[in-house]
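Visitor: Here it is: the structure, laid out below.
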Amino acid sequence: MDKAIIGKKLGMSQIFTADGKVIPVTVVEAGPCTVVQIKTAENDGYDAVQVGFGSIKETRVNKPVAGHFKKAGVSVKRYLRELRFANCAAYALGQELTCDMFTEGDKVDVTGTSKGHGFSGVIQRWNQHRGPMAHGSGYHRGVGSMGACSSPSRVFKNKHMPGQWGHEKVTVQNLTVARVDKARNLLLIKGAIPGPKGGVVVVKNSIKG
């Protein structure tokens, strides 16, 4: 069965194995999540399971959103995500998803929104070198050459330029679940995952695992 859950990145820590090795891990508060809607190809054109995560007061959402949760018979949630599964029929409306669906050693893909750095220059964004800092040079942190002059008389596509850096959807594949803490709804995932502390992530079984 396909497995996936919504969680919140709490930060990084480390754990020790039985033989004393240190494993760097990212702590994720995974669930509990509630199935809010099951979409089918007949009604919606595709199969998916809509899952809610995080509590919020009903007064914080508008009437259509509140009605959506009321129709499903579940409490209002802060975050909604659609999860595509090969067999959505295995899930039921109102079903609760918890972190113990994963076990230690599972391979997972984690999707989140990377940290935003705003409008950044080419040195910060693309790791370009700066220009000479002495001998009369007045060009230090610029883009550099844009290409040929008269031919082809244009800048090629994908030229590294200043612009928005970060704050985009990123998936890190084939990570390992180092530990599952059912009592505290925690997944400890080996290595780093995208996003800042408090960022919402989706953990699902790896497509390469």
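By convention in this document, the chains of the structure tokens carry letters A, B, ... by their order, each chain's residues are numbered from 1, and ligands are numbered from 1 in the order they are shown.
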Residues within 10 Å of Arg184 in chain A, please, as a list in words. Count only C-alpha atoms; anything in the same chain fewer than 5 positions from it doesn't count.
Guide: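 Returned residues: Glu29, Ala30, Gly31 and Cys99 of chain A.
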Visitor: Let me see the file: selected residues, C-alpha atoms, as a compact mmCIF listing (two decimals), in the first residue's frame.
Guide:
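Writing the result to selection.txt gives the following:
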```
# COMPACT_ATOMS: atom_id res chain seq x y z
CA GLU A 29 6.08 16.12 13.50
CA ALA A 30 4.17 13.74 11.23
CA GLY A 31 0.41 13.73 11.68
CA CYS A 99 3.40 8.26 11.77
```
Visitor: Counting only C-alpha atoms, what are the residues of range 92-185 of chain A within 10 Å of range 2-26 of chain A, and for each of them which pair of atoms is the nearest and at what distance in Å, to one decimal? Sort the table by chain and rising number, as JSON lines.
Guide:
```
{"residue": "A:Leu97", "atom": "CA", "partner": "A:Ile5", "partner_atom": "CA", "distance": 6.9}
{"residue": "A:Thr98", "atom": "CA", "partner": "A:Ile5", "partner_atom": "CA", "distance": 7.5}
{"residue": "A:Cys99", "atom": "CA", "partner": "A:Ile5", "partner_atom": "CA", "distance": 7.4}
{"residue": "A:Met101", "atom": "CA", "partner": "A:Lys3", "partner_atom": "CA", "distance": 7.0}
{"residue": "A:Phe102", "atom": "CA", "partner": "A:Lys3", "partner_atom": "CA", "distance": 7.6}
{"residue": "A:Val108", "atom": "CA", "partner": "A:Ala4", "partner_atom": "CA", "distance": 8.9}
{"residue": "A:Asp109", "atom": "CA", "partner": "A:Ala4", "partner_atom": "CA", "distance": 9.3}
{"residue": "A:Val110", "atom": "CA", "partner": "A:Ala4", "partner_atom": "CA", "distance": 9.6}
{"residue": "A:Thr111", "atom": "CA", "partner": "A:Ile6", "partner_atom": "CA", "distance": 9.7}
{"residue": "A:Gly112", "atom": "CA", "partner": "A:Lys9", "partner_atom": "CA", "distance": 9.2}
{"residue": "A:Thr176", "atom": "CA", "partner": "A:Val25", "partner_atom": "CA", "distance": 9.5}
{"residue": "A:Val177", "atom": "CA", "partner": "A:Val25", "partner_atom": "CA", "distance": 8.9}
{"residue": "A:Ala178", "atom": "CA", "partner": "A:Val25", "partner_atom": "CA", "distance": 7.4}
{"residue": "A:Arg179", "atom": "CA", "partner": "A:Ile15", "partner_atom": "CA", "distance": 9.0}
{"residue": "A:Asn185", "atom": "CA", "partner": "A:Gly7", "partner_atom": "CA", "distance": 9.3}
```
Visitor: Could you turn the residues from that selection into a file that holds N, CA, C and O atoms, as a compact mmCIF listing (two decimals), in the first residue's frame?
Guide:
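Result went into selection-v2.txt, see below:
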```
# COMPACT_ATOMS: atom_id res chain seq x y z
N LEU A 97 -4.45 9.14 9.72
CA LEU A 97 -3.13 8.66 9.32
C LEU A 97 -2.13 9.08 10.38
O LEU A 97 -2.06 10.26 10.75
N THR A 98 -1.35 8.14 10.87
CA THR A 98 -0.37 8.42 11.92
C THR A 98 1.01 8.01 11.45
O THR A 98 1.17 7.27 10.47
N CYS A 99 2.02 8.47 12.20
CA CYS A 99 3.40 8.26 11.77
C CYS A 99 3.82 6.80 11.82
O CYS A 99 4.80 6.41 11.17
N MET A 101 2.63 4.41 10.35
CA MET A 101 2.51 3.73 9.07
C MET A 101 3.90 3.48 8.48
O MET A 101 4.07 2.61 7.62
N PHE A 102 4.89 4.28 8.94
CA PHE A 102 6.27 4.07 8.53
C PHE A 102 7.00 3.28 9.61
O PHE A 102 6.65 3.35 10.79
N VAL A 108 12.06 6.97 2.02
CA VAL A 108 11.01 7.95 1.79
C VAL A 108 11.51 9.10 0.93
O VAL A 108 12.72 9.36 0.85
N ASP A 109 10.57 9.76 0.26
CA ASP A 109 10.80 11.03 -0.42
C ASP A 109 10.13 12.13 0.38
O ASP A 109 8.98 11.96 0.80
N VAL A 110 10.82 13.24 0.58
CA VAL A 110 10.27 14.35 1.37
C VAL A 110 10.17 15.58 0.47
O VAL A 110 11.16 16.00 -0.14
N THR A 111 8.97 16.15 0.40
CA THR A 111 8.71 17.34 -0.42
C THR A 111 8.37 18.51 0.48
O THR A 111 7.53 18.40 1.37
N GLY A 112 9.03 19.64 0.24
CA GLY A 112 8.77 20.85 1.00
C GLY A 112 9.10 22.09 0.18
O GLY A 112 9.48 21.99 -0.99
N THR A 176 16.20 7.88 4.51
CA THR A 176 15.92 6.72 5.37
C THR A 176 15.27 7.17 6.68
O THR A 176 15.73 8.14 7.30
N VAL A 177 14.21 6.48 7.07
CA VAL A 177 13.59 6.73 8.37
C VAL A 177 14.47 6.09 9.44
O VAL A 177 14.62 4.87 9.49
N ALA A 178 15.07 6.93 10.29
CA ALA A 178 15.98 6.42 11.31
C ALA A 178 15.25 5.95 12.56
O ALA A 178 15.71 5.02 13.24
N ARG A 179 14.11 6.60 12.87
CA ARG A 179 13.38 6.22 14.07
C ARG A 179 11.95 6.74 13.98
O ARG A 179 11.70 7.78 13.37
N ASN A 185 4.30 11.48 17.91
CA ASN A 185 4.02 11.72 16.49
C ASN A 185 5.24 12.27 15.76
O ASN A 185 5.14 13.22 14.98
```
Visitor: Given the choices A:Val200, A:Leu93, A:Cys88, A:Leu83, which gets closest to Lys70 in chain A if the distance is worked out from only C-alpha atoms?
Guide: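 Of the candidates, the smallest distance to Lys70 in chain A is held by A:Leu93.
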Visitor: Go through range 42-207 of chain A and collect every residue that DSSP, computed from the backbone, puts in alpha helix (DSSP H); the answer should be as an mmCIF file with N, CA, C and O atoms, in the first residue's frame.
Guide:
```cif
data_model
loop_
_atom_site.group_PDB
_atom_site.id
_atom_site.type_symbol
_atom_site.label_atom_id
_atom_site.label_comp_id
_atom_site.auth_asym_id
_atom_site.auth_seq_id
_atom_site.Cartn_x
_atom_site.Cartn_y
_atom_site.Cartn_z
ATOM 1 N N GLU A 42 -14.141 9.237 -11.870
ATOM 2 C CA GLU A 42 -15.507 9.441 -12.360
ATOM 3 C C GLU A 42 -16.015 10.843 -12.015
ATOM 4 O O GLU A 42 -16.650 11.510 -12.843
ATOM 5 N N ASN A 43 -15.750 11.298 -10.801
ATOM 6 C CA ASN A 43 -16.277 12.585 -10.356
ATOM 7 C C ASN A 43 -15.333 13.755 -10.614
ATOM 8 O O ASN A 43 -15.777 14.867 -10.899
ATOM 9 N N ASP A 44 -14.032 13.517 -10.469
ATOM 10 C CA ASP A 44 -13.066 14.620 -10.504
ATOM 11 C C ASP A 44 -12.060 14.527 -11.642
ATOM 12 O O ASP A 44 -11.257 15.430 -11.831
ATOM 13 N N LYS A 63 -17.008 30.254 5.279
ATOM 14 C CA LYS A 63 -18.086 29.272 5.304
ATOM 15 C C LYS A 63 -17.918 28.146 4.285
ATOM 16 O O LYS A 63 -18.182 26.982 4.607
ATOM 17 N N PRO A 64 -17.490 28.428 3.046
ATOM 18 C CA PRO A 64 -17.303 27.311 2.111
ATOM 19 C C PRO A 64 -16.266 26.300 2.597
ATOM 20 O O PRO A 64 -16.457 25.086 2.455
ATOM 21 N N VAL A 65 -15.166 26.783 3.166
ATOM 22 C CA VAL A 65 -14.128 25.874 3.672
ATOM 23 C C VAL A 65 -14.661 25.087 4.864
ATOM 24 O O VAL A 65 -14.462 23.869 4.969
ATOM 25 N N ALA A 66 -15.352 25.779 5.784
ATOM 26 C CA ALA A 66 -15.928 25.087 6.935
ATOM 27 C C ALA A 66 -16.933 24.030 6.486
ATOM 28 O O ALA A 66 -17.003 22.933 7.053
ATOM 29 N N GLY A 67 -17.709 24.350 5.447
ATOM 30 C CA GLY A 67 -18.680 23.393 4.927
ATOM 31 C C GLY A 67 -18.017 22.175 4.303
ATOM 32 O O GLY A 67 -18.554 21.068 4.364
ATOM 33 N N HIS A 68 -16.839 22.394 3.712
ATOM 34 C CA HIS A 68 -16.101 21.278 3.113
ATOM 35 C C HIS A 68 -15.720 20.256 4.186
ATOM 36 O O HIS A 68 -15.852 19.042 3.993
ATOM 37 N N PHE A 69 -15.249 20.732 5.332
ATOM 38 C CA PHE A 69 -14.882 19.834 6.418
ATOM 39 C C PHE A 69 -16.131 19.218 7.069
ATOM 40 O O PHE A 69 -16.128 18.047 7.454
ATOM 41 N N LYS A 70 -17.183 20.023 7.183
ATOM 42 C CA LYS A 70 -18.415 19.516 7.796
ATOM 43 C C LYS A 70 -19.017 18.388 6.970
ATOM 44 O O LYS A 70 -19.543 17.408 7.518
ATOM 45 N N LYS A 71 -18.915 18.508 5.656
ATOM 46 C CA LYS A 71 -19.433 17.465 4.776
ATOM 47 C C LYS A 71 -18.699 16.143 5.000
ATOM 48 O O LYS A 71 -19.293 15.060 4.917
ATOM 49 N N ALA A 72 -17.392 16.260 5.284
ATOM 50 C CA ALA A 72 -16.599 15.052 5.533
ATOM 51 C C ALA A 72 -16.770 14.534 6.955
ATOM 52 O O ALA A 72 -16.340 13.418 7.261
ATOM 53 N N VAL A 122 24.237 37.155 -8.746
ATOM 54 C CA VAL A 122 24.755 35.913 -9.317
ATOM 55 C C VAL A 122 25.768 35.230 -8.406
ATOM 56 O O VAL A 122 25.939 34.010 -8.469
ATOM 57 N N ILE A 123 26.449 35.977 -7.552
ATOM 58 C CA ILE A 123 27.424 35.356 -6.657
ATOM 59 C C ILE A 123 26.707 34.503 -5.620
ATOM 60 O O ILE A 123 27.074 33.360 -5.357
ATOM 61 N N GLN A 124 25.664 35.040 -5.022
ATOM 62 C CA GLN A 124 24.915 34.296 -4.023
ATOM 63 C C GLN A 124 24.034 33.235 -4.664
ATOM 64 O O GLN A 124 23.910 32.121 -4.146
ATOM 65 N N ARG A 125 23.441 33.545 -5.808
ATOM 66 C CA ARG A 125 22.466 32.643 -6.418
ATOM 67 C C ARG A 125 23.115 31.502 -7.197
ATOM 68 O O ARG A 125 22.655 30.364 -7.159
ATOM 69 N N TRP A 126 24.203 31.789 -7.908
ATOM 70 C CA TRP A 126 24.823 30.805 -8.792
ATOM 71 C C TRP A 126 26.274 30.482 -8.430
ATOM 72 O O TRP A 126 26.949 29.778 -9.179
#
```
Visitor: From the set A:Pro32, A:Thr113, A:Val49, A:Lys57, which residue has the shortest atom-to-atom contact distance to Ala183 in chain A, counting only C-alpha atoms?
Guide: A:Pro32
Visitor: Run DSSP on the backbone and tell me which residues of range 8-186 of chain A come out as strand (DSSP E or B); list them as a CSV table (one decimal) with N, CA, C and O atoms, in the first residue's frame.
Guide:
```
chain,number,residue,atom,x,y,z
A,8,LYS,N,5.4,18.6,9.9
A,8,LYS,CA,6.0,19.9,10.1
A,8,LYS,C,7.4,19.7,10.5
A,8,LYS,O,7.7,18.9,11.4
A,9,LYS,N,8.3,20.4,9.9
A,9,LYS,CA,9.8,20.2,10.2
A,9,LYS,C,10.0,21.0,11.5
A,9,LYS,O,9.8,22.2,11.6
A,10,LEU,N,10.6,20.2,12.5
A,10,LEU,CA,10.9,20.8,13.8
A,10,LEU,C,12.4,21.3,13.9
A,10,LEU,O,12.7,22.0,14.8
A,11,GLY,N,13.2,20.7,13.1
A,11,GLY,CA,14.7,21.0,13.2
A,11,GLY,C,15.5,19.8,13.1
A,11,GLY,O,15.0,18.7,12.8
A,12,MET,N,16.8,20.0,13.3
A,12,MET,CA,17.7,18.8,13.2
A,12,MET,C,18.3,18.4,14.5
A,12,MET,O,18.4,19.2,15.5
A,13,SER,N,18.7,17.2,14.6
A,13,SER,CA,19.2,16.6,15.9
A,13,SER,C,20.2,15.5,15.5
A,13,SER,O,20.6,15.4,14.3
A,14,GLN,N,20.5,14.7,16.4
A,14,GLN,CA,21.3,13.5,16.1
A,14,GLN,C,21.0,12.4,17.1
A,14,GLN,O,20.5,12.6,18.2
A,15,ILE,N,21.1,11.1,16.6
A,15,ILE,CA,20.9,10.0,17.5
A,15,ILE,C,22.1,9.1,17.3
A,15,ILE,O,22.9,9.2,16.4
A,16,PHE,N,22.2,8.1,18.3
A,16,PHE,CA,23.3,7.2,18.3
A,16,PHE,C,22.8,5.8,18.0
A,16,PHE,O,21.8,5.4,18.6
A,22,VAL,N,27.1,8.1,15.2
A,22,VAL,CA,26.2,9.3,15.2
A,22,VAL,C,25.5,9.4,13.9
A,22,VAL,O,26.1,9.3,12.8
A,23,ILE,N,24.2,9.5,13.9
A,23,ILE,CA,23.4,9.7,12.7
A,23,ILE,C,22.7,11.1,12.8
A,23,ILE,O,21.9,11.3,13.7
A,24,PRO,N,23.0,12.0,11.9
A,24,PRO,CA,22.3,13.3,11.8
A,24,PRO,C,20.9,13.1,11.3
A,24,PRO,O,20.7,12.4,10.3
A,25,VAL,N,19.9,13.6,12.0
A,25,VAL,CA,18.5,13.4,11.6
A,25,VAL,C,17.7,14.7,11.6
A,25,VAL,O,18.1,15.7,12.3
A,26,THR,N,16.7,14.8,10.8
A,26,THR,CA,15.7,15.9,10.8
A,26,THR,C,14.5,15.3,11.5
A,26,THR,O,13.9,14.3,11.2
A,27,VAL,N,14.0,16.1,12.5
A,27,VAL,CA,12.8,15.7,13.3
A,27,VAL,C,11.6,16.3,12.6
A,27,VAL,O,11.5,17.5,12.4
A,28,VAL,N,10.6,15.5,12.3
A,28,VAL,CA,9.4,15.9,11.6
A,28,VAL,C,8.2,15.5,12.5
A,28,VAL,O,8.1,14.3,12.9
A,29,GLU,N,7.3,16.4,12.8
A,29,GLU,CA,6.1,16.1,13.5
A,29,GLU,C,5.1,15.6,12.4
A,29,GLU,O,4.5,16.5,11.7
A,30,ALA,N,4.9,14.3,12.3
A,30,ALA,CA,4.2,13.7,11.2
A,30,ALA,C,2.8,13.3,11.7
A,30,ALA,O,2.7,12.3,12.5
A,33,CYS,N,-3.0,12.9,10.7
A,33,CYS,CA,-3.7,13.6,9.6
A,33,CYS,C,-5.1,12.9,9.4
A,33,CYS,O,-5.2,11.7,9.7
A,34,THR,N,-6.0,13.6,8.8
A,34,THR,CA,-7.3,13.1,8.6
A,34,THR,C,-7.7,13.1,7.1
A,34,THR,O,-7.4,14.1,6.5
A,35,VAL,N,-8.3,12.0,6.6
A,35,VAL,CA,-8.7,12.0,5.2
A,35,VAL,C,-10.0,12.8,5.1
A,35,VAL,O,-11.0,12.6,5.7
A,36,VAL,N,-9.9,13.9,4.3
A,36,VAL,CA,-11.0,14.9,4.2
A,36,VAL,C,-11.9,14.6,3.0
A,36,VAL,O,-13.1,14.8,2.9
A,37,GLN,N,-11.2,14.1,1.9
A,37,GLN,CA,-12.0,13.9,0.7
A,37,GLN,C,-11.2,12.8,-0.1
A,37,GLN,O,-10.0,12.8,-0.1
A,38,ILE,N,-12.0,12.0,-0.8
A,38,ILE,CA,-11.4,11.0,-1.7
A,38,ILE,C,-11.9,11.3,-3.1
A,38,ILE,O,-13.1,11.3,-3.4
A,39,LYS,N,-11.0,11.7,-4.0
A,39,LYS,CA,-11.3,12.1,-5.4
A,39,LYS,C,-11.2,10.9,-6.3
A,39,LYS,O,-10.3,10.1,-6.1
A,48,ALA,N,-7.3,10.7,-6.2
A,48,ALA,CA,-6.4,11.3,-5.2
A,48,ALA,C,-7.1,11.2,-3.8
A,48,ALA,O,-8.3,11.1,-3.7
A,49,VAL,N,-6.3,11.4,-2.8
A,49,VAL,CA,-6.8,11.4,-1.4
A,49,VAL,C,-6.4,12.8,-0.8
A,49,VAL,O,-5.2,13.2,-0.8
A,50,GLN,N,-7.4,13.6,-0.4
A,50,GLN,CA,-7.2,14.9,0.2
A,50,GLN,C,-7.1,14.7,1.8
A,50,GLN,O,-7.9,14.1,2.4
A,51,VAL,N,-5.9,15.2,2.3
A,51,VAL,CA,-5.6,15.0,3.7
A,51,VAL,C,-5.4,16.3,4.4
A,51,VAL,O,-4.9,17.2,3.9
A,52,GLY,N,-6.0,16.4,5.6
A,52,GLY,CA,-5.8,17.6,6.4
A,52,GLY,C,-4.9,17.4,7.6
A,52,GLY,O,-4.8,16.3,8.2
A,53,PHE,N,-4.2,18.5,8.0
A,53,PHE,CA,-3.2,18.4,9.1
A,53,PHE,C,-3.2,19.7,9.9
A,53,PHE,O,-3.3,20.8,9.3
A,54,GLY,N,-3.1,19.6,11.2
A,54,GLY,CA,-3.0,20.8,12.0
A,54,GLY,C,-4.3,21.4,12.4
A,54,GLY,O,-5.2,21.6,11.6
A,55,SER,N,-4.5,21.6,13.7
A,55,SER,CA,-5.8,22.1,14.2
A,55,SER,C,-5.9,23.6,14.0
A,55,SER,O,-4.9,24.3,14.0
A,77,LYS,N,-9.1,21.7,9.6
A,77,LYS,CA,-7.6,21.6,9.6
A,77,LYS,C,-7.0,22.8,9.0
A,77,LYS,O,-7.5,23.5,8.1
A,78,ARG,N,-5.7,23.1,9.4
A,78,ARG,CA,-5.0,24.2,8.9
A,78,ARG,C,-4.4,24.0,7.5
A,78,ARG,O,-4.4,24.9,6.7
A,79,TYR,N,-4.0,22.8,7.2
A,79,TYR,CA,-3.3,22.5,6.0
A,79,TYR,C,-4.1,21.4,5.2
A,79,TYR,O,-4.5,20.4,5.9
A,80,LEU,N,-4.2,21.5,3.9
A,80,LEU,CA,-4.8,20.5,3.1
A,80,LEU,C,-3.8,20.1,2.0
A,80,LEU,O,-3.2,21.0,1.4
A,81,ARG,N,-3.6,18.9,1.7
A,81,ARG,CA,-2.8,18.4,0.6
A,81,ARG,C,-3.4,17.2,-0.1
A,81,ARG,O,-4.1,16.4,0.6
A,82,GLU,N,-3.2,17.2,-1.4
A,82,GLU,CA,-3.7,16.0,-2.1
A,82,GLU,C,-2.6,15.0,-2.4
A,82,GLU,O,-1.5,15.4,-2.8
A,83,LEU,N,-2.8,13.8,-2.1
A,83,LEU,CA,-1.8,12.7,-2.2
A,83,LEU,C,-2.3,11.8,-3.3
A,83,LEU,O,-3.4,11.2,-3.2
A,96,GLU,N,-7.8,8.3,10.0
A,96,GLU,CA,-6.7,9.0,10.6
A,96,GLU,C,-5.4,8.3,10.2
A,96,GLU,O,-5.2,7.1,10.4
A,97,LEU,N,-4.5,9.1,9.7
A,97,LEU,CA,-3.1,8.7,9.3
A,97,LEU,C,-2.1,9.1,10.4
A,97,LEU,O,-2.1,10.3,10.7
A,107,LYS,N,12.5,3.7,3.1
A,107,LYS,CA,13.0,4.7,2.2
A,107,LYS,C,11.8,5.6,1.9
A,107,LYS,O,10.7,5.2,1.5
A,108,VAL,N,12.1,7.0,2.0
A,108,VAL,CA,11.0,7.9,1.8
A,108,VAL,C,11.5,9.1,0.9
A,108,VAL,O,12.7,9.4,0.9
A,109,ASP,N,10.6,9.8,0.3
A,109,ASP,CA,10.8,11.0,-0.4
A,109,ASP,C,10.1,12.1,0.4
A,109,ASP,O,9.0,12.0,0.8
A,110,VAL,N,10.8,13.2,0.6
A,110,VAL,CA,10.3,14.4,1.4
A,110,VAL,C,10.2,15.6,0.5
A,110,VAL,O,11.2,16.0,-0.1
A,111,THR,N,9.0,16.1,0.4
A,111,THR,CA,8.7,17.3,-0.4
A,111,THR,C,8.4,18.5,0.5
A,111,THR,O,7.5,18.4,1.4
A,112,GLY,N,9.0,19.6,0.2
A,112,GLY,CA,8.8,20.9,1.0
A,112,GLY,C,9.1,22.1,0.2
A,112,GLY,O,9.5,22.0,-1.0
A,113,THR,N,8.9,23.3,0.8
A,113,THR,CA,9.3,24.5,0.2
A,113,THR,C,10.6,25.0,0.7
A,113,THR,O,10.7,25.2,1.9
A,116,GLY,N,13.4,30.8,1.3
A,116,GLY,CA,13.4,31.9,0.4
A,116,GLY,C,14.6,32.9,0.7
A,116,GLY,O,14.8,33.3,1.9
A,117,HIS,N,15.3,33.4,-0.3
A,117,HIS,CA,16.4,34.3,-0.1
A,117,HIS,C,16.1,35.6,-0.8
A,117,HIS,O,17.0,36.5,-0.8
A,118,GLY,N,14.9,35.8,-1.3
A,118,GLY,CA,14.6,37.0,-2.0
A,118,GLY,C,15.4,37.2,-3.3
A,118,GLY,O,15.9,36.3,-3.9
A,119,PHE,N,15.5,38.5,-3.8
A,119,PHE,CA,16.2,38.8,-5.0
A,119,PHE,C,17.7,38.8,-4.7
A,119,PHE,O,18.2,39.5,-3.9
A,120,SER,N,18.4,37.9,-5.4
A,120,SER,CA,19.8,37.7,-5.1
A,120,SER,C,20.6,37.9,-6.4
A,120,SER,O,20.2,37.6,-7.5
A,163,GLY,N,18.1,37.3,-9.6
A,163,GLY,CA,16.7,37.0,-9.6
A,163,GLY,C,16.3,36.4,-8.3
A,163,GLY,O,17.0,36.3,-7.4
A,164,GLN,N,15.0,35.9,-8.3
A,164,GLN,CA,14.5,35.3,-7.1
A,164,GLN,C,15.2,33.9,-6.8
A,164,GLN,O,15.4,33.1,-7.7
A,165,TRP,N,15.6,33.8,-5.6
A,165,TRP,CA,16.4,32.6,-5.2
A,165,TRP,C,15.6,31.9,-4.1
A,165,TRP,O,15.3,32.5,-3.0
A,166,GLY,N,15.3,30.6,-4.2
A,166,GLY,CA,14.7,29.9,-3.2
A,166,GLY,C,13.2,30.0,-3.2
A,166,GLY,O,12.6,30.5,-4.2
A,169,LYS,N,9.3,24.6,-4.7
A,169,LYS,CA,9.0,23.2,-4.3
A,169,LYS,C,10.2,22.4,-4.6
A,169,LYS,O,10.7,22.3,-5.7
A,170,VAL,N,10.6,21.6,-3.5
A,170,VAL,CA,11.8,20.8,-3.7
A,170,VAL,C,11.5,19.4,-3.1
A,170,VAL,O,10.9,19.3,-2.0
A,171,THR,N,12.0,18.4,-3.8
A,171,THR,CA,11.8,17.0,-3.3
A,171,THR,C,13.2,16.4,-3.1
A,171,THR,O,14.0,16.4,-4.1
A,172,VAL,N,13.5,15.8,-1.9
A,172,VAL,CA,14.7,15.1,-1.7
A,172,VAL,C,14.3,13.6,-1.6
A,172,VAL,O,13.4,13.2,-0.8
A,173,GLN,N,14.9,12.8,-2.5
A,173,GLN,CA,14.5,11.4,-2.7
A,173,GLN,C,15.4,10.4,-1.9
A,173,GLN,O,16.5,10.7,-1.6
A,174,ASN,N,14.8,9.3,-1.6
A,174,ASN,CA,15.5,8.1,-1.1
A,174,ASN,C,16.2,8.4,0.3
A,174,ASN,O,17.3,8.0,0.5
A,175,LEU,N,15.5,9.1,1.2
A,175,LEU,CA,16.0,9.2,2.5
A,175,LEU,C,15.6,8.1,3.4
A,175,LEU,O,14.6,7.3,3.0
A,176,THR,N,16.2,7.9,4.5
A,176,THR,CA,15.9,6.7,5.4
A,176,THR,C,15.3,7.2,6.7
A,176,THR,O,15.7,8.1,7.3
A,177,VAL,N,14.2,6.5,7.1
A,177,VAL,CA,13.6,6.7,8.4
A,177,VAL,C,14.5,6.1,9.4
A,177,VAL,O,14.6,4.9,9.5
A,178,ALA,N,15.1,6.9,10.3
A,178,ALA,CA,16.0,6.4,11.3
A,178,ALA,C,15.3,6.0,12.6
A,178,ALA,O,15.7,5.0,13.2
A,179,ARG,N,14.1,6.6,12.9
A,179,ARG,CA,13.4,6.2,14.1
A,179,ARG,C,12.0,6.7,14.0
A,179,ARG,O,11.7,7.8,13.4
A,180,VAL,N,11.0,6.0,14.6
A,180,VAL,CA,9.6,6.4,14.6
A,180,VAL,C,9.2,6.5,16.1
A,180,VAL,O,9.4,5.5,16.9
A,181,ASP,N,8.7,7.7,16.5
A,181,ASP,CA,8.2,7.9,17.9
A,181,ASP,C,6.7,8.1,17.8
A,181,ASP,O,6.2,9.2,17.7
A,186,LEU,N,6.4,11.6,16.0
A,186,LEU,CA,7.6,12.1,15.4
A,186,LEU,C,8.2,11.1,14.4
A,186,LEU,O,8.2,9.9,14.7
```
Visitor: Restricting the calculation to only C-alpha atoms, which member of A:Asn127, A:Ser114, A:Asn205, A:Ser150 is positioned closest to Ile193 in chain A?
Guide: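 Nearest candidate to Ile193 in chain A out of A:Asn127, A:Ser114, A:Asn205, A:Ser150: A:Ser114.
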Visitor: Tell me, in Å to one decimal, how far CA of Ile56 in chain A is from CA of Ile189 in chain A.
Guide: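 Those two atoms sit 26.8 Å apart.
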Visitor: To one decimal in Å, tell me the separation between CA of Pro194 in chain A and CA of Thr103 in chain A.
Guide: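 Spanning CA of Pro194 in chain A to CA of Thr103 in chain A is a straight-line distance of 21.4 Å.
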Visitor: To one decimal place in Å, what is the distance between CA of Val203 in chain A and CA of Glu104 in chain A?
Guide: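 Going from CA of Val203 in chain A over to CA of Glu104 in chain A, I get 13.9 Å.
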Visitor: Would you mind telling me which residue in A:Asp47, A:Phe156, A:Ser75, A:His135 lies nearest to Ala90 in chain A when using only C-alpha atoms?
Guide: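 Of all the options, A:Asp47 lies closest to Ala90 in chain A.
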